[in-house]
Amino acid sequence: MPEQLLFAMEVTLNGLMAGVLYALVALGFVLIFKASGIFNFAQGMLVVFAAMTLVGVQTGQIPFAHLINTIFGTKIHHFGWTVPTILAIIVAGAAMVFVAWVIEKYILQHLIGQPDIILFMATIGMWYFMHGFAPLMWGSEVMKLDVGLAQGINETIDTTTYGWFGYGFFIDNLDIVAAIVAALLVTALVLFSQYTKQGRALRAVADDHSAALSVGISLRFIWVLVWSIAGFVALVAGIMWGSKSGVQISLAEVALKALPVLMLGGFTSIPGAIIGGLIIGVGEQLFEFAIGPLVGGATQAWFAYVLALVFLIFRPQGLFGEKIIERV
Amino acid sequence: MTFKRVAAASVAALMVASPVMADLVFPSLSYRTGPFAAGGIPYADGFADYMTLLNERDGGVGGVAIQVPECETAYNTEKGVECYESTKGMGALAYNPLSTGITYQLIPKATADDIPLYTPGYGRTSAANGNVFSHVFNFPANYWNGASAAINHVLDLNGGDLKGKKIVLLHFNGAYGKEPIPTLTKLGEKHGYDLTTIPIDYPGQEQKAQWLQIRREKPDYVLFWGWGVMNQVAIQEAANIRYPMDQFIGVWWSGAEHDVKPAGEKATGYKAMTFHGVGSDYPVFDDLQKYVVDAGKAAGDGSNVGTVIYNRGVYAAMMLAEAAKNAQEIHGVKDITSAQMRDGLEQLEITNARMAELGMEGFGPEFKVSCANHGGPGSIAIQQWDAAAGKWSLISDFGASDMEVIQPLIDADSAAYAAENKIEPQCN
C-alpha cells in the first residue's frame, strides 16, 4: 500500500479520536441549549472549574488557601491527605451540582422571560466570574491530573497494523478511553431523555417553556438538572483534556473547538454533537496532512471554522438541528 | 465640596498612592491571571523578592529604597501598554514587560520617553544592536543565540558533524515562535542539516497533526519554541509517540517545572536552554529565604523560590539593580533619572567577582554591555529534567553562540528598522 495512503489512514483515525474530544465539550453546550435556549458561553470555564476541583480534592488542597494565607498570615496549603480518585470524582461532581444550583438560584431565576441575548450576556458574565474565581479557589499553577488513565501509544494497534501494512499506526490510549467514555455518556443521555420522567420533562421544557410550566413541570428543577448534567459532562471533558496538558485556566479555550462542532452538528442534537465532532476532527487533521504543508501549516485553528461556515450557508440549523419555523 | 477641597484631596490621595519620587521605581508589568499565569507568577515573584531583599538587607541601592509597583497585563498587549502609560509618571527608571508583543509596542514609546526597556531572553532580537535601539537592552541572550546554542549542543553530541541530519523546529505560529527560523536556516546552510519547521497555532491544546508528522519524518532532533499550555501538550505528545526526550530541546520559555511535571516520569531527559543557573544552591537564595520569605515579605508564598522562572525574575531584577548602582556611580547622584539609568545599563559590566559578591557565583556568565552591543555575550547552557529527582540540572557550561552567523542577521534586521523609522546611529 502506498506510504501516503497509510499515513492518511493513520491521520483519519487520529482525527476521529480528536473529534470525540471536541464532541465531549460540545455536548455540554447542546444540553443547556436544548433545555433553555441559552448558548452557555461559560461552558469552557465549567470544564476548568470541574477539573480544578477534581485535582484539588484528590490532592487534598485547601480551597482559597492563598486568600486565607494573605488575610490571616498563615501558611496553609494542604490538608495533608489525598483522596481516592473515585471519591474525588464524586465530590467534584457534587460540586458541579452545587454550581448548577447557584447559577439557577442567583442568575437564571431572575432572568426568566428575558430575551435570549440577555441570558447569553449573563453566561459571558459567568465566564469572567469563574475565570477569576477558579484560580482564587485552587491557584494558578498547572495542576497535574492523574486519574489512572493510560496514555501513550496503543501497542496492540501499533503491532497489528505493522503486521498488516509494515507501518504501525499511532493511536493514543487516552483517546481510546475518551471514545469509550463518550459513547457511554451519549448512550446514557439518550436513555435518560427518552425513558425517564425527568428526561421527558427536560424535552418538554426544551420544546416550550410555557407549555411545560402549564402542565406542572418545575422549570427551576429542570434547569438545575440540566446544568448539573452539563457540569458532569464538563468534568468528563476536563479529565480527558486535563490528562493531556495538566489542568490550567487555558483549558477553557477548548470551548473554542466546540463552536464549529455545534455549527456543524446543530445546537439541539446530542448525536449531532458527536457526528459534528467527528467530521471536524477528521476534516482538520486530513486538511493539515494534505494541504497544511502547502500553506505553511497550522491550519487546524481556522479550518474548522471555515468548514462550519460552509455548512452554515447551506444548512443554517446544522446537520441535525431543528429547522426554525417562524409562523406569522 | 468646593473645587479647592477636591483638588487638595486628590493631591493628598496621589501622594499616598504614589511611591516617593526619590525611590528607585521599577514597575513590574506582571501577569498573575490568564492562560500564562503559571509562568507569569513565579517571574513576578522572583523580580519583586530580589528587590525586597535589597531593601531589607542593604537599604536599597546606594541607600535609596526600591519600589516595584505591579500592574497586571494578563499577557495582553493593550493592557501592557496601558500599564506602561499609567506607571511611567511614577518616575519609572526602566521596564521589563515580559512579553514580546508588549515590547514591540513599547520600543518607540519608551525611546521617545527616554525610558530604557530591559527584555532579557525575549522581545525584538535585533534590539541587541544598540546603535539602532538606543533604549532597548536584551542581554545576556536572545532567541538567535538560543537557536545557535541548540545547534552547538547538537554539534557536540554528533562530533561536530550534522551533515544529513534532520532537525525539526516545532514552534508557536507567531512572531516569537518564528524568531529562530532565519538563524536555523543559515546554520543549516553552514552545517548541512535539513530543517523542517512545524507551526502550532495558539493555544496549542491540540497537536496531534504536528506529532504525527514528527513520527513520520523521524527527525534526529526537535527544537521547540512554545509557551503556555503548548509546552505541556508538546512534552506529553512527545512522550506518547516515544520520541527520545534527550533529542527534544526547548527554548528557555519551554523549560520550566510546570512544563514537564504533567507528563510525569516520561518527561525525564527533556532538555531546555537557559541563560541563568538552576536550583537554589546559591548563597543569594539563603538571603532571600532569611530576609524575604521567612520575614513574611515575599510576593508569593515562597514555594517558587529556586524554580526556573522564579530564578529568571531574580536574575532580571539583579541586572536592573546593578545597572541602577552603575548609573549612580557614573553620574555621582543617588536619585537617578531614567536617562541616567539607560547609561547605567549601557555601561554595565558583570564580572565573576561581582557575581560572587552578590551570592550568585556561576549563576550567569560575565559580560560587558556597550553602546553598540546591547545583547551581551549570548552565552547559553543546557539544562535537563529528571522527573524522579523533580529537578533540572545544568549539563553544560554557558557556551558562546555563533556570532559569525547571528551578527549579520542582527545588522540586517536592525538596519531595516532604522531605515523604516529614520533612526540615526547613536554610537560613534
# chains A, B, ... in the order shown; residues from 1 in each chain; ligands from 1
>>> closest_atom_pairs(of="chain B", to="chain A", cutoff="10 Å", atoms="only C-alpha atoms", output="CSV")
residue,atom,partner,partner_atom,distance
B:Arg32,CA,A:Ser140,CA,7.8
B:Thr33,CA,A:Ser140,CA,7.4
B:Gly34,CA,A:Ile249,CA,6.7
B:Pro35,CA,A:Ser250,CA,4.7
B:Phe36,CA,A:Ser250,CA,7.9
B:Ala37,CA,A:Ser140,CA,6.2
B:Ala38,CA,A:Glu141,CA,5.0
B:Gly39,CA,A:Glu141,CA,8.5
B:Gly40,CA,A:Ser140,CA,9.8
B:Ile41,CA,A:Ser140,CA,8.2
B:Pro42,CA,A:Glu141,CA,9.8
B:Phe172,CA,A:Ala298,CA,9.3
B:Asn173,CA,A:Ala298,CA,7.2
B:Thr197,CA,A:Gly296,CA,8.8
B:Ile198,CA,A:Gly297,CA,6.7
B:Pro199,CA,A:Ala298,CA,5.4
B:Ile200,CA,A:Ala298,CA,5.3
B:Asp201,CA,A:Ala298,CA,5.6
B:Tyr202,CA,A:Ala301,CA,7.8
B:Pro203,CA,A:Glu253,CA,7.6
B:Gly204,CA,A:Ala301,CA,9.2
B:Gln205,CA,A:Ser245,CA,7.3
B:Glu206,CA,A:Ala18,CA,8.2
B:Gln207,CA,A:Gln300,CA,9.2
B:Lys208,CA,A:Asn14,CA,7.4
B:Ala209,CA,A:Gln285,CA,6.0
B:Gln210,CA,A:Ala298,CA,8.4
B:Leu212,CA,A:Val11,CA,7.5
B:Gln213,CA,A:Phe289,CA,8.1
B:Arg215,CA,A:Phe170,CA,8.8
B:Arg216,CA,A:Phe7,CA,8.0
B:Gly228,CA,A:Ser250,CA,8.3
B:Val229,CA,A:Ser245,CA,6.5
B:Met230,CA,A:Ser245,CA,8.2
B:Asn231,CA,A:Ser245,CA,8.3
B:Gln232,CA,A:Ser245,CA,5.1
B:Val233,CA,A:Ser245,CA,4.8
B:Ala234,CA,A:Ser245,CA,8.5
B:Ile235,CA,A:Ser245,CA,8.9
B:Gln236,CA,A:Lys244,CA,6.5
B:Glu237,CA,A:Gly152,CA,7.9
B:Ala238,CA,A:Gly152,CA,9.2
B:Ala239,CA,A:Gly152,CA,6.9
B:Asn240,CA,A:Gly152,CA,3.8
B:Ile241,CA,A:Ile153,CA,6.1
B:Arg242,CA,A:Gly152,CA,7.8
B:Glu257,CA,A:Val142,CA,9.6
B:His258,CA,A:Val142,CA,6.0
B:Asp259,CA,A:Val142,CA,8.2
B:Val260,CA,A:Gly246,CA,9.8
B:Lys261,CA,A:Lys144,CA,6.8
B:Pro262,CA,A:Lys144,CA,4.8
B:Ala263,CA,A:Ser245,CA,7.9
B:Gly264,CA,A:Lys144,CA,8.4
B:Lys266,CA,A:Gly152,CA,9.9
B:Gly296,CA,A:Gly73,CA,8.1
B:Gly300,CA,A:His66,CA,8.9
B:Asp301,CA,A:Lys75,CA,7.5
B:Gly302,CA,A:Lys75,CA,9.7
>>> residues_around(residues="region 65-76 of chain B", least_positions_apart="2", cutoff="6 Å", atoms="only C-alpha atoms", output="ChimeraX atom specification")
/B:23-31,33-34,55,60,78-80,83
>>> select_by_dssp(residues="region 269-319 of chain B", states="strand (DSSP E or B)", output="number ranges by chain")
B: 271-274
>>> atom_distance(atom1="CA of His135 (chain B)", atom2="CA of Gly378 (chain B)")
18.8 Å
